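Novice: The structure follows.
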Amino acid sequence: MHKASRAELRGAIAPFEQASASSATVQLVTSAGLYVALCALMYFSLSISYLLTLALAIPAAAALVRTFIVQHDCGHGSFLRSPRANDVIGALCGVLTLAPYANWKRQHAQHHANWNNLDRRDSGADIYSTCITVAEYRALSPLQRVLYRLPRNVLLANFIIPPLVFLLFYRFPFDAPKTWTTERRSVWLTNAALTVMLLVFGFWLGFGSVAMVQLPIFFVTTVVGFWLFSVQHRFENGAWLRQSAWSFDEAALNGSSHLALPRVLQWATGNIGYHHIHHLSPRVPNYRLAACHQSSEFLRPAVSLSLRRALAAGNLTLWDEDLGKLVRFSDVRGKLPAGDLEHLHRTPAGY
């Protein structure tokens with residue numbers, strides 16, 4: 001297939017970069033609105049059966065994932081045409097998702113500047129899409145390897161860390177420079193709003209009831225959300241590039257996944273599976289990503305992930321520069337002598 005030029009890609013994407021007030025309104029109702037309605041139903045169900053309450057936590061979590069996608073689009077200024085409206089809606093969604101909007105927005109912008117760039121991981125990496133090379137891993141001491149692998153353990157990475165990040169990590173702006181006054185303020189304002197909500201609903205409905213309803217929702221939401229953002233950049237045949245080979249187009253089409261989900265899951269995840277389109281142009285709102293993807297063969301990546309292949313990609317954690325692909329820890333045991341730095345261009349900060 002003909003490799004599209006930047007001009008051809010821009011020409012294919014541009015018609016889909018306009019926000020739609022009607023589509024945005026429908027999505028707000030079917031995300032944040034649906035989430036609030038399902039929460040109310042869950043509180044009512046406590047008097048019937050807690051098993052019913054837990055069952056309702058699944059669709060409630062789907063609605064909250066969609067709410068996070070609304071917040072995500074607001075952060076890119078793509079959900080609505082008005083920057084002010086985007087920021088107001090994004091901040092309100094941030095209270096529901098526990099992710100302080102302004103701080104998350106600026107941190108996420110760094111990811112979009114440098115994703116899948118092996119030479120700029122210290123300035124654009126985030127918790128969803130980090131990766132070191134096989135040579136860098138083998139250059140670590142035995143203790144450093146253990147410390148690197150520990151948070152990537154299947155249980156910790158997929159079921160323990162995600163809820164802790166949203167419930168605890170996002171409560172403090174320790175990773176925001178002191179010059180980020182607006183972003184740091186957003187953390188404390190979000191915390192204040194959450195405290196007021198907890199006290200109001202706690203005294204009204206009972207703190208035990210609040211915990212029984214909200215904790216299952218946030219567990220499911222964060223586990224699914226972390227997996228979604230991770231698989232969008234760490235997947236079979238996904239490309240991680242050195243600066244000399246990196247470009248927005250190359251990194252988008254070959255380093256960002258197209259997750260081909262069943263229709264109901266595509267709806268529940270706010271079309272974020274079309275992540276290659278999102279990285280080609282964050283100005284395309286999520287409710288137009290599918291149409292954009294289908295509009296031109298230029299906008300289709302070489303590899304599309306099925307749900308089965310995406311689930312199997314969770315333990316792909318190291319980039320093998322010789323093979324040009326992501327590999328598992330088990331794939332590199334004993335295959336390189338310890339301390340081999342032949343392909344070690346530099347070790348990024350934080351590893």
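Labels for the structure tokens follow display order: chains A, B, ..., residues from 1 in each chain, ligands from 1.
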Give me, as a PyMOL selection string, all polymer residues having an atom no more than 7 Å from Phe166 in chain A, counting only C-alpha atoms and skipping those fewer than 4 positions away in the same chain.
Specialist: chain A and resi 98-99+162+170
Novice: Emit the selected residues as a PDB file, in the first residue's frame, including C-alpha atoms.
Specialist:
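Contents of out07.pdb, as written:
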ATOM      1  CA  LEU A  98     -10.713  11.269  40.842  1.00  0.00           C
ATOM      2  CA  ALA A  99      -8.149  12.583  38.303  1.00  0.00           C
ATOM      3  CA  PRO A 162      -4.342   1.022  39.171  1.00  0.00           C
ATOM      4  CA  TYR A 170      -3.638  11.598  42.308  1.00  0.00           C
TER       5      TYR A 170
END
Novice: If we count only C-alpha atoms and set the cut-off at 12 Å, which residues sit around Ser31 in chain A, ignoring sequence neighbours fewer than 3 positions away in its own chain? Please answer as a ChimeraX atom specification.
Specialist: /A:24-28,34-38,59-71,93,96-97,267-270
Novice: Return the single residue from A:Ala290, A:Leu241, A:Leu46, A:Leu150 that is closest to Ala260 in chain A, with distances computed using only C-alpha atoms.
Specialist: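 Using only C-alpha atoms, Ala260 in chain A sits closest to A:Ala290.
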Novice: Env of Gly255 in chain A: 6 Å cut, atoms = only C-alpha atoms, seq-sep filter 6 positions within chain, self excluded. Answer as a count of residues only.
Specialist: 3
Novice: Find the residues near Val220 in chain A: any atom within 8 Å, counting only C-alpha atoms, skip ones fewer than 2 places away on the same chain, and give them as a list in words.
Specialist: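 Residues meeting the cut-off are Ala57, Ile58, Ala61, Pro216, Ile217, Phe218, Thr222, Val223 and Val224 of chain A.
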Novice: List as a tab-separated table every residue of range 124-239 of chain A that is in contact with range 293-309 of chain A, defined as an atom at most 10 Å from one of its atoms (using only C-alpha atoms), together with the nearest atom pair and the distance in Å rounded to one decimal, sorted by chain and then rising number.
Specialist:
residue	atom	partner	partner_atom	distance
A:Val231	CA	A:Leu305	CA	9.4
A:Gln232	CA	A:Leu305	CA	9.7
A:Phe235	CA	A:Leu305	CA	8.3
A:Glu236	CA	A:Arg309	CA	8.0
A:Asn237	CA	A:Val303	CA	7.6
A:Gly238	CA	A:Val303	CA	8.5
Novice: Enumerate, as a ChimeraX atom specification, the complete set of residues in range 87-220 of chain A that a backbone-based DSSP assignment places in helix (DSSP H, G or I).
Specialist: /A:87-97,101-114,121-124,134-139,142-152,154-167,169-171,181-205,207-220
Novice: CA of Asn271 in chain A to CA of Asn286 in chain A: how many Å, to one decimal?
Specialist: 5.9 Å
Novice: If you measure from CA of Val210 in chain A to CA of Thr195 in chain A, what distance in Å do you get, rounded to one decimal?
Specialist: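 Those two atoms sit 12.7 Å apart.
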Novice: Find, counting only C-alpha atoms, the residue in A:Val134, A:Val200, A:Cys292, A:Ala19 that gets nearest to Asp331 in chain A.
Specialist: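 Once distances to Asp331 in chain A are computed over only C-alpha atoms, the minimum belongs to A:Val134.
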Novice: Can you tell me, as a short mmCIF file (atom, residue, chain, number, x, y, z; two decimals) with N, CA and C atoms, in the first residue's frame, what residues are no more than 8 Å from Lys105 in chain A when counting only C-alpha atoms, ignoring any on the same chain fewer than 6 positions away?
Specialist:
data_model
loop_
_atom_site.label_atom_id
_atom_site.label_comp_id
_atom_site.auth_asym_id
_atom_site.auth_seq_id
_atom_site.Cartn_x
_atom_site.Cartn_y
_atom_site.Cartn_z
N HIS A 72 -10.65 13.33 28.94
CA HIS A 72 -9.47 13.22 28.09
C HIS A 72 -9.60 14.12 26.86
N GLY A 75 -9.30 17.74 27.70
CA GLY A 75 -7.91 18.11 27.90
C GLY A 75 -7.19 18.42 26.60
N HIS A 76 -7.66 17.81 25.50
CA HIS A 76 -7.09 18.07 24.18
C HIS A 76 -7.83 19.20 23.46
#
Novice: For a quick check of understanding, using only C-alpha atoms, which of A:Tyr43, A:Arg184, A:Gln110, A:Ile161 has the smallest distance to Gly206 in chain A?
Specialist: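 Closest to Gly206 in chain A of all the choices is A:Tyr43.
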Novice: May I have the residues within 9 Å of Pro285 in chain A as a PyMOL selection string, using only C-alpha atoms and disregarding those fewer than 4 positions away in the same chain?
Specialist: chain A and resi 16-20+24+70+73-74+76-80+278+289
Novice: Would you output that residue set with C-alpha atoms, as an mmCIF file, in the first residue's frame?
Specialist:
data_model
loop_
_atom_site.group_PDB
_atom_site.id
_atom_site.type_symbol
_atom_site.label_atom_id
_atom_site.label_comp_id
_atom_site.auth_asym_id
_atom_site.auth_seq_id
_atom_site.Cartn_x
_atom_site.Cartn_y
_atom_site.Cartn_z
ATOM 1 C CA PHE A 16 -13.088 15.130 11.304
ATOM 2 C CA GLU A 17 -11.421 17.678 13.585
ATOM 3 C CA GLN A 18 -14.550 19.735 14.194
ATOM 4 C CA ALA A 19 -16.439 19.206 17.443
ATOM 5 C CA SER A 20 -20.188 18.604 17.419
ATOM 6 C CA ALA A 24 -20.923 15.870 22.759
ATOM 7 C CA VAL A 70 -14.795 12.907 27.894
ATOM 8 C CA ASP A 73 -10.989 14.930 25.031
ATOM 9 C CA CYS A 74 -11.603 18.105 27.011
ATOM 10 C CA HIS A 76 -7.086 18.074 24.184
ATOM 11 C CA GLY A 77 -9.625 20.815 23.471
ATOM 12 C CA SER A 78 -11.510 18.535 21.101
ATOM 13 C CA PHE A 79 -14.730 17.665 22.933
ATOM 14 C CA LEU A 80 -16.421 21.034 22.338
ATOM 15 C CA HIS A 278 -5.937 10.016 18.193
ATOM 16 C CA LEU A 289 -12.619 8.593 15.580
#
Novice: A:Ser281, A:Val95, A:Glu321, A:Asn315: which is nearest Asn153 in chain A, counting only C-alpha atoms?
Specialist: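 Among the listed residues, the smallest separation from Asn153 in chain A belongs to A:Asn315.
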